[in-house]
>>> print(open('work-v1.txt').read())   # compact mmCIF, N, CA and C atoms
# COMPACT_ATOMS: atom_id res chain seq x y z
N MET A 12 -15.63 -7.34 -9.38
CA MET A 12 -14.22 -7.58 -9.60
C MET A 12 -13.39 -6.36 -9.17
N MET A 13 -13.87 -5.17 -9.46
CA MET A 13 -13.15 -3.96 -9.09
C MET A 13 -13.01 -3.86 -7.57
N LEU A 14 -14.04 -4.23 -6.85
CA LEU A 14 -13.97 -4.20 -5.38
C LEU A 14 -13.03 -5.27 -4.84
N ASP A 15 -12.97 -6.41 -5.52
CA ASP A 15 -12.00 -7.44 -5.14
C ASP A 15 -10.57 -6.92 -5.29
N ASP A 16 -10.32 -6.24 -6.41
CA ASP A 16 -9.00 -5.66 -6.64
C ASP A 16 -8.68 -4.61 -5.58
N LEU A 17 -9.67 -3.80 -5.23
CA LEU A 17 -9.48 -2.79 -4.20
C LEU A 17 -9.10 -3.44 -2.87
N LEU A 18 -9.80 -4.48 -2.51
CA LEU A 18 -9.50 -5.16 -1.26
C LEU A 18 -8.12 -5.83 -1.31
N ASP A 19 -7.79 -6.45 -2.42
CA ASP A 19 -6.46 -7.07 -2.57
C ASP A 19 -5.36 -6.02 -2.44
N ASP A 20 -5.56 -4.87 -3.08
CA ASP A 20 -4.55 -3.81 -3.01
C ASP A 20 -4.43 -3.27 -1.59
N TYR A 21 -5.55 -3.17 -0.89
CA TYR A 21 -5.51 -2.71 0.50
C TYR A 21 -4.71 -3.68 1.37
N VAL A 22 -4.98 -4.97 1.21
CA VAL A 22 -4.26 -5.98 1.99
C VAL A 22 -2.77 -5.94 1.66
N ASP A 23 -2.44 -5.83 0.39
CA ASP A 23 -1.03 -5.74 -0.01
C ASP A 23 -0.36 -4.53 0.63
N TRP A 24 -1.05 -3.39 0.63
CA TRP A 24 -0.49 -2.19 1.23
C TRP A 24 -0.29 -2.35 2.73
N ARG A 25 -1.28 -2.92 3.42
CA ARG A 25 -1.16 -3.11 4.87
C ARG A 25 0.00 -4.07 5.19
N GLU A 26 0.13 -5.13 4.39
CA GLU A 26 1.24 -6.07 4.62
C GLU A 26 2.59 -5.39 4.38
N SER A 27 2.67 -4.56 3.35
CA SER A 27 3.94 -3.89 3.09
C SER A 27 4.23 -2.83 4.15
N ALA A 28 3.20 -2.20 4.68
CA ALA A 28 3.40 -1.24 5.77
C ALA A 28 3.91 -1.96 7.03
N ARG A 29 3.41 -3.15 7.27
CA ARG A 29 3.87 -3.95 8.41
C ARG A 29 5.33 -4.35 8.19
N ALA A 30 5.68 -4.67 6.95
CA ALA A 30 7.06 -5.04 6.64
C ALA A 30 8.01 -3.86 6.88
N VAL A 31 7.53 -2.64 6.62
CA VAL A 31 8.34 -1.45 6.90
C VAL A 31 8.59 -1.35 8.40
N ALA A 32 7.55 -1.52 9.18
CA ALA A 32 7.70 -1.45 10.64
C ALA A 32 8.66 -2.51 11.14
N ASP A 33 8.55 -3.71 10.61
CA ASP A 33 9.45 -4.79 11.02
C ASP A 33 10.89 -4.49 10.63
N ALA A 34 11.08 -4.00 9.40
CA ALA A 34 12.44 -3.67 8.94
C ALA A 34 13.03 -2.54 9.76
N TYR A 35 12.22 -1.58 10.11
CA TYR A 35 12.71 -0.48 10.94
C TYR A 35 13.13 -0.99 12.31
N ALA A 36 12.31 -1.87 12.87
CA ALA A 36 12.64 -2.43 14.19
C ALA A 36 13.98 -3.18 14.14
N ARG A 37 14.19 -3.96 13.08
CA ARG A 37 15.46 -4.68 12.95
C ARG A 37 16.64 -3.72 12.79
N TRP A 38 16.45 -2.68 11.99
CA TRP A 38 17.51 -1.70 11.78
C TRP A 38 17.81 -0.94 13.06
N SER A 39 16.76 -0.59 13.82
CA SER A 39 16.96 0.24 15.00
C SER A 39 17.75 -0.47 16.10
N ILE A 40 17.79 -1.80 16.07
CA ILE A 40 18.56 -2.52 17.09
C ILE A 40 19.85 -3.11 16.53
N ALA A 41 20.08 -2.89 15.24
CA ALA A 41 21.30 -3.43 14.61
C ALA A 41 22.52 -2.70 15.15
N SER A 42 23.58 -3.45 15.25
CA SER A 42 24.82 -2.83 15.73
C SER A 42 25.97 -3.19 14.79
N GLY A 43 26.95 -2.32 14.78
CA GLY A 43 28.15 -2.59 14.01
C GLY A 43 27.89 -2.80 12.54
N ALA A 44 28.46 -3.87 12.01
CA ALA A 44 28.37 -4.18 10.59
C ALA A 44 26.96 -4.54 10.16
N GLU A 45 26.08 -4.87 11.10
CA GLU A 45 24.69 -5.20 10.75
C GLU A 45 23.89 -3.98 10.33
N GLY A 46 24.35 -2.80 10.74
CA GLY A 46 23.58 -1.58 10.50
C GLY A 46 23.32 -1.29 9.04
N ALA A 47 24.35 -1.34 8.22
CA ALA A 47 24.19 -0.98 6.81
C ALA A 47 23.24 -1.92 6.06
N PRO A 48 23.39 -3.25 6.19
CA PRO A 48 22.44 -4.10 5.47
C PRO A 48 21.01 -3.99 6.01
N GLN A 49 20.87 -3.76 7.30
CA GLN A 49 19.53 -3.60 7.86
C GLN A 49 18.89 -2.30 7.38
N PHE A 50 19.72 -1.25 7.24
CA PHE A 50 19.21 0.00 6.71
C PHE A 50 18.79 -0.18 5.25
N ALA A 51 19.58 -0.89 4.48
CA ALA A 51 19.24 -1.16 3.07
C ALA A 51 17.93 -1.94 2.98
N ALA A 52 17.74 -2.89 3.86
CA ALA A 52 16.49 -3.66 3.88
C ALA A 52 15.31 -2.76 4.23
N TYR A 53 15.53 -1.83 5.15
CA TYR A 53 14.48 -0.88 5.53
C TYR A 53 14.11 0.01 4.35
N ILE A 54 15.10 0.52 3.64
CA ILE A 54 14.84 1.36 2.47
C ILE A 54 14.11 0.58 1.39
N ALA A 55 14.49 -0.67 1.18
CA ALA A 55 13.80 -1.51 0.19
C ALA A 55 12.34 -1.73 0.59
N ALA A 56 12.10 -1.93 1.89
CA ALA A 56 10.73 -2.11 2.37
C ALA A 56 9.92 -0.83 2.17
N LEU A 57 10.55 0.33 2.38
CA LEU A 57 9.87 1.60 2.13
C LEU A 57 9.50 1.74 0.66
N ASP A 58 10.41 1.35 -0.23
CA ASP A 58 10.12 1.42 -1.67
C ASP A 58 8.94 0.53 -2.03
N ARG A 59 8.93 -0.70 -1.50
CA ARG A 59 7.82 -1.61 -1.78
C ARG A 59 6.51 -1.05 -1.24
N GLU A 60 6.55 -0.47 -0.05
CA GLU A 60 5.34 0.10 0.55
C GLU A 60 4.82 1.26 -0.29
N GLN A 61 5.72 2.07 -0.81
CA GLN A 61 5.30 3.19 -1.65
C GLN A 61 4.60 2.68 -2.91
N LYS A 62 5.13 1.62 -3.49
CA LYS A 62 4.51 1.06 -4.70
C LYS A 62 3.14 0.47 -4.40
N THR A 63 3.02 -0.24 -3.28
CA THR A 63 1.71 -0.83 -2.95
C THR A 63 0.72 0.26 -2.55
N ALA A 64 1.20 1.33 -1.92
CA ALA A 64 0.31 2.45 -1.57
C ALA A 64 -0.21 3.13 -2.85
N ALA A 65 0.66 3.28 -3.83
CA ALA A 65 0.26 3.89 -5.10
C ALA A 65 -0.77 3.02 -5.82
N ALA A 66 -0.57 1.71 -5.78
CA ALA A 66 -1.52 0.80 -6.41
C ALA A 66 -2.88 0.87 -5.71
N TYR A 67 -2.86 0.93 -4.39
CA TYR A 67 -4.10 1.04 -3.63
C TYR A 67 -4.80 2.37 -3.94
N ALA A 68 -4.04 3.46 -3.99
CA ALA A 68 -4.62 4.76 -4.30
C ALA A 68 -5.25 4.76 -5.70
N GLU A 69 -4.60 4.10 -6.63
CA GLU A 69 -5.16 4.01 -7.98
C GLU A 69 -6.46 3.21 -7.98
N ALA A 70 -6.50 2.13 -7.21
CA ALA A 70 -7.72 1.33 -7.12
C ALA A 70 -8.86 2.13 -6.49
N VAL A 71 -8.54 2.91 -5.47
CA VAL A 71 -9.57 3.75 -4.85
C VAL A 71 -10.09 4.77 -5.86
N THR A 72 -9.20 5.37 -6.62
CA THR A 72 -9.60 6.33 -7.64
C THR A 72 -10.48 5.67 -8.69
N ASP A 73 -10.12 4.47 -9.12
CA ASP A 73 -10.92 3.74 -10.10
C ASP A 73 -12.33 3.48 -9.59
N VAL A 74 -12.45 3.04 -8.35
CA VAL A 74 -13.76 2.78 -7.76
C VAL A 74 -14.56 4.07 -7.65
N ASP A 75 -13.90 5.15 -7.23
CA ASP A 75 -14.57 6.44 -7.11
C ASP A 75 -15.11 6.90 -8.47
N ARG A 76 -14.31 6.78 -9.51
CA ARG A 76 -14.77 7.17 -10.86
C ARG A 76 -15.94 6.31 -11.31
N TRP A 77 -15.86 5.02 -11.03
CA TRP A 77 -16.95 4.11 -11.39
C TRP A 77 -18.23 4.51 -10.67
N LEU A 78 -18.12 4.84 -9.39
CA LEU A 78 -19.31 5.25 -8.62
C LEU A 78 -19.87 6.56 -9.14
N GLN A 79 -19.01 7.49 -9.51
CA GLN A 79 -19.49 8.76 -10.05
C GLN A 79 -20.21 8.56 -11.38
N ARG A 80 -19.66 7.69 -12.23
CA ARG A 80 -20.33 7.41 -13.51
C ARG A 80 -21.67 6.74 -13.27
N SER A 81 -21.71 5.84 -12.30
CA SER A 81 -22.94 5.13 -11.99
C SER A 81 -23.99 6.11 -11.48
N ASP A 82 -23.58 7.03 -10.61
CA ASP A 82 -24.53 8.03 -10.10
C ASP A 82 -25.03 8.94 -11.20
N SER A 83 -24.13 9.37 -12.09
CA SER A 83 -24.54 10.28 -13.15
C SER A 83 -25.46 9.60 -14.16
N SER A 84 -25.26 8.32 -14.38
CA SER A 84 -26.12 7.61 -15.32
C SER A 84 -27.53 7.40 -14.76
N ARG A 85 -27.64 7.46 -13.44
CA ARG A 85 -28.95 7.33 -12.80
C ARG A 85 -29.57 8.70 -12.54
N GLY A 86 -28.85 9.76 -12.92
CA GLY A 86 -29.38 11.11 -12.74
C GLY A 86 -29.24 11.64 -11.32
N LEU A 87 -28.30 11.09 -10.57
CA LEU A 87 -28.10 11.55 -9.19
C LEU A 87 -27.06 12.65 -9.11
>>> encode(input="work-v1.txt", output="structure tokens")
Amino acid sequence: MMLDDLLDDYVDWRESARAVADAYARWSIASGAEGAPQFAAYIAALDREQKTAAAYAEAVTDVDRWLQRSDSSRGL
């Protein structure tokens, strides 16, 4: 289950990173009055990506701790 969560968090992070790239692309070609809302969308995408990256990092840390406990219980 922990590895499933890790994989889910990784996929979520990659999808949110792609959304950042897409939002940036839309903002970079926006003109006039479109610029401000496109920039706001880009910033919102960055915020979401940061949250998903943090969740993924936490999942990686959880798996690492689990592996360390498993190794120590086997005397490795």
>>> residues_around(input="work-v1.txt", residues="range 58-63 of chain A", least_positions_apart="5", cutoff="6.5 Å", atoms="only N, CA and C atoms", output="VMD selection string")
chain A and resid 20 23 to 24 27 to 28 53 68
>>> atom_distance(input="work-v1.txt", atom1="atom N of Leu14 in chain A", atom2="CA of Arg80 in chain A")
14.8 Å
>>> atom_distance(input="work-v1.txt", atom1="atom N of Asp15 in chain A", atom2="atom C of Ala70 in chain A")
9.5 Å
>>> closest_residue(input="work-v1.txt", among="A:Asp73, A:Ala30, A:Trp38, A:Ala55", to="Met12 in chain A", atoms="only C-alpha atoms")
A:Asp73
>>> atom_distance(input="work-v1.txt", atom1="atom C of Gln49 in chain A", atom2="CA of Ala65 in chain A")
23.3 Å
>>> closest_residue(input="work-v1.txt", among="A:Met13, A:Ala52, A:Val74, A:Ala64", to="Asp33 in chain A", atoms="only N, CA and C atoms")
A:Ala52
>>> residues_around(input="work-v1.txt", residues="Arg37 in chain A", least_positions_apart="5", cutoff="12 Å", atoms="only C-alpha atoms", output="count of residues only")
14
>>> decode(input="work-v1.txt", residues="range 67-81 of chain A", atoms="all heavy atoms", output="mmCIF file, in the first residue's frame")
data_model
loop_
_atom_site.group_PDB
_atom_site.id
_atom_site.type_symbol
_atom_site.label_atom_id
_atom_site.label_comp_id
_atom_site.auth_asym_id
_atom_site.auth_seq_id
_atom_site.Cartn_x
_atom_site.Cartn_y
_atom_site.Cartn_z
ATOM 1 N N TYR A 67 4.783 14.123 -2.446
ATOM 2 C CA TYR A 67 5.649 13.087 -3.007
ATOM 3 C C TYR A 67 6.910 12.934 -2.155
ATOM 4 O O TYR A 67 7.320 11.809 -1.831
ATOM 5 C CB TYR A 67 5.993 13.407 -4.460
ATOM 6 C CG TYR A 67 6.948 12.437 -5.100
ATOM 7 C CD1 TYR A 67 6.717 11.068 -5.065
ATOM 8 C CD2 TYR A 67 8.083 12.889 -5.765
ATOM 9 C CE1 TYR A 67 7.594 10.174 -5.655
ATOM 10 C CE2 TYR A 67 8.962 12.008 -6.367
ATOM 11 C CZ TYR A 67 8.718 10.657 -6.308
ATOM 12 O OH TYR A 67 9.586 9.766 -6.892
ATOM 13 N N ALA A 68 7.517 14.045 -1.752
ATOM 14 C CA ALA A 68 8.711 13.990 -0.913
ATOM 15 C C ALA A 68 8.413 13.294 0.417
ATOM 16 O O ALA A 68 9.224 12.494 0.899
ATOM 17 C CB ALA A 68 9.241 15.394 -0.664
ATOM 18 N N GLU A 69 7.252 13.564 0.973
ATOM 19 C CA GLU A 69 6.869 12.912 2.226
ATOM 20 C C GLU A 69 6.695 11.407 2.023
ATOM 21 O O GLU A 69 7.112 10.601 2.858
ATOM 22 C CB GLU A 69 5.580 13.516 2.761
ATOM 23 C CG GLU A 69 5.177 12.994 4.117
ATOM 24 C CD GLU A 69 3.939 13.685 4.675
ATOM 25 O OE1 GLU A 69 3.693 14.854 4.343
ATOM 26 O OE2 GLU A 69 3.232 13.024 5.450
ATOM 27 N N ALA A 70 6.110 11.019 0.901
ATOM 28 C CA ALA A 70 5.933 9.596 0.605
ATOM 29 C C ALA A 70 7.283 8.904 0.431
ATOM 30 O O ALA A 70 7.478 7.776 0.904
ATOM 31 C CB ALA A 70 5.073 9.414 -0.646
ATOM 32 N N VAL A 71 8.213 9.574 -0.229
ATOM 33 C CA VAL A 71 9.553 9.008 -0.398
ATOM 34 C C VAL A 71 10.219 8.832 0.964
ATOM 35 O O VAL A 71 10.830 7.788 1.250
ATOM 36 C CB VAL A 71 10.416 9.897 -1.329
ATOM 37 C CG1 VAL A 71 11.880 9.481 -1.296
ATOM 38 C CG2 VAL A 71 9.881 9.850 -2.746
ATOM 39 N N THR A 72 10.088 9.823 1.822
ATOM 40 C CA THR A 72 10.658 9.748 3.163
ATOM 41 C C THR A 72 10.036 8.602 3.953
ATOM 42 O O THR A 72 10.743 7.859 4.648
ATOM 43 C CB THR A 72 10.462 11.082 3.905
ATOM 44 O OG1 THR A 72 11.135 12.110 3.166
ATOM 45 C CG2 THR A 72 11.008 11.034 5.315
ATOM 46 N N ASP A 73 8.723 8.436 3.847
ATOM 47 C CA ASP A 73 8.039 7.344 4.544
ATOM 48 C C ASP A 73 8.561 5.984 4.083
ATOM 49 O O ASP A 73 8.820 5.094 4.902
ATOM 50 C CB ASP A 73 6.528 7.409 4.320
ATOM 51 C CG ASP A 73 5.870 8.580 5.017
ATOM 52 O OD1 ASP A 73 6.517 9.202 5.895
ATOM 53 O OD2 ASP A 73 4.709 8.890 4.670
ATOM 54 N N VAL A 74 8.716 5.810 2.788
ATOM 55 C CA VAL A 74 9.224 4.540 2.254
ATOM 56 C C VAL A 74 10.660 4.320 2.711
ATOM 57 O O VAL A 74 11.037 3.215 3.110
ATOM 58 C CB VAL A 74 9.101 4.493 0.711
ATOM 59 C CG1 VAL A 74 9.863 3.316 0.133
ATOM 60 C CG2 VAL A 74 7.638 4.436 0.305
ATOM 61 N N ASP A 75 11.478 5.374 2.681
ATOM 62 C CA ASP A 75 12.861 5.255 3.129
ATOM 63 C C ASP A 75 12.927 4.828 4.591
ATOM 64 O O ASP A 75 13.706 3.927 4.942
ATOM 65 C CB ASP A 75 13.593 6.584 2.916
ATOM 66 C CG ASP A 75 15.045 6.506 3.312
ATOM 67 O OD1 ASP A 75 15.762 5.608 2.798
ATOM 68 O OD2 ASP A 75 15.489 7.334 4.144
ATOM 69 N N ARG A 76 12.122 5.437 5.444
ATOM 70 C CA ARG A 76 12.106 5.061 6.866
ATOM 71 C C ARG A 76 11.662 3.614 7.045
ATOM 72 O O ARG A 76 12.223 2.880 7.852
ATOM 73 C CB ARG A 76 11.184 5.993 7.649
ATOM 74 C CG ARG A 76 11.759 7.355 7.840
ATOM 75 C CD ARG A 76 10.816 8.234 8.642
ATOM 76 N NE ARG A 76 11.339 9.577 8.736
ATOM 77 C CZ ARG A 76 10.602 10.658 8.765
ATOM 78 N NH1 ARG A 76 9.294 10.575 8.751
ATOM 79 N NH2 ARG A 76 11.166 11.848 8.841
ATOM 80 N N TRP A 77 10.654 3.216 6.288
ATOM 81 C CA TRP A 77 10.169 1.838 6.364
ATOM 82 C C TRP A 77 11.277 0.866 5.961
ATOM 83 O O TRP A 77 11.488 -0.164 6.615
ATOM 84 C CB TRP A 77 8.939 1.683 5.483
ATOM 85 C CG TRP A 77 8.404 0.295 5.452
ATOM 86 C CD1 TRP A 77 7.649 -0.330 6.406
ATOM 87 C CD2 TRP A 77 8.590 -0.662 4.409
ATOM 88 N NE1 TRP A 77 7.344 -1.607 6.018
ATOM 89 C CE2 TRP A 77 7.921 -1.842 4.787
ATOM 90 C CE3 TRP A 77 9.255 -0.628 3.188
ATOM 91 C CZ2 TRP A 77 7.912 -2.980 3.995
ATOM 92 C CZ3 TRP A 77 9.242 -1.767 2.395
ATOM 93 C CH2 TRP A 77 8.581 -2.916 2.797
ATOM 94 N N LEU A 78 12.002 1.194 4.898
ATOM 95 C CA LEU A 78 13.093 0.325 4.443
ATOM 96 C C LEU A 78 14.214 0.265 5.472
ATOM 97 O O LEU A 78 14.790 -0.810 5.703
ATOM 98 C CB LEU A 78 13.636 0.817 3.105
ATOM 99 C CG LEU A 78 12.721 0.611 1.897
ATOM 100 C CD1 LEU A 78 13.283 1.324 0.672
ATOM 101 C CD2 LEU A 78 12.516 -0.873 1.618
ATOM 102 N N GLN A 79 14.520 1.391 6.097
ATOM 103 C CA GLN A 79 15.565 1.394 7.120
ATOM 104 C C GLN A 79 15.165 0.551 8.323
ATOM 105 O O GLN A 79 15.988 -0.197 8.861
ATOM 106 C CB GLN A 79 15.889 2.827 7.547
ATOM 107 C CG GLN A 79 16.642 3.600 6.494
ATOM 108 C CD GLN A 79 16.916 5.032 6.911
ATOM 109 O OE1 GLN A 79 16.737 5.411 8.068
ATOM 110 N NE2 GLN A 79 17.335 5.841 5.959
ATOM 111 N N ARG A 80 13.897 0.653 8.726
ATOM 112 C CA ARG A 80 13.421 -0.172 9.850
ATOM 113 C C ARG A 80 13.467 -1.641 9.478
ATOM 114 O O ARG A 80 13.842 -2.493 10.291
ATOM 115 C CB ARG A 80 11.998 0.223 10.248
ATOM 116 C CG ARG A 80 11.914 1.483 11.063
ATOM 117 C CD ARG A 80 10.535 1.662 11.688
ATOM 118 N NE ARG A 80 9.446 1.610 10.740
ATOM 119 C CZ ARG A 80 8.918 2.651 10.109
ATOM 120 N NH1 ARG A 80 9.394 3.853 10.328
ATOM 121 N NH2 ARG A 80 7.913 2.498 9.270
ATOM 122 N N SER A 81 13.095 -1.947 8.252
ATOM 123 C CA SER A 81 13.100 -3.331 7.788
ATOM 124 C C SER A 81 14.517 -3.881 7.788
ATOM 125 O O SER A 81 14.759 -5.017 8.225
ATOM 126 C CB SER A 81 12.499 -3.404 6.384
ATOM 127 O OG SER A 81 12.535 -4.711 5.877
#
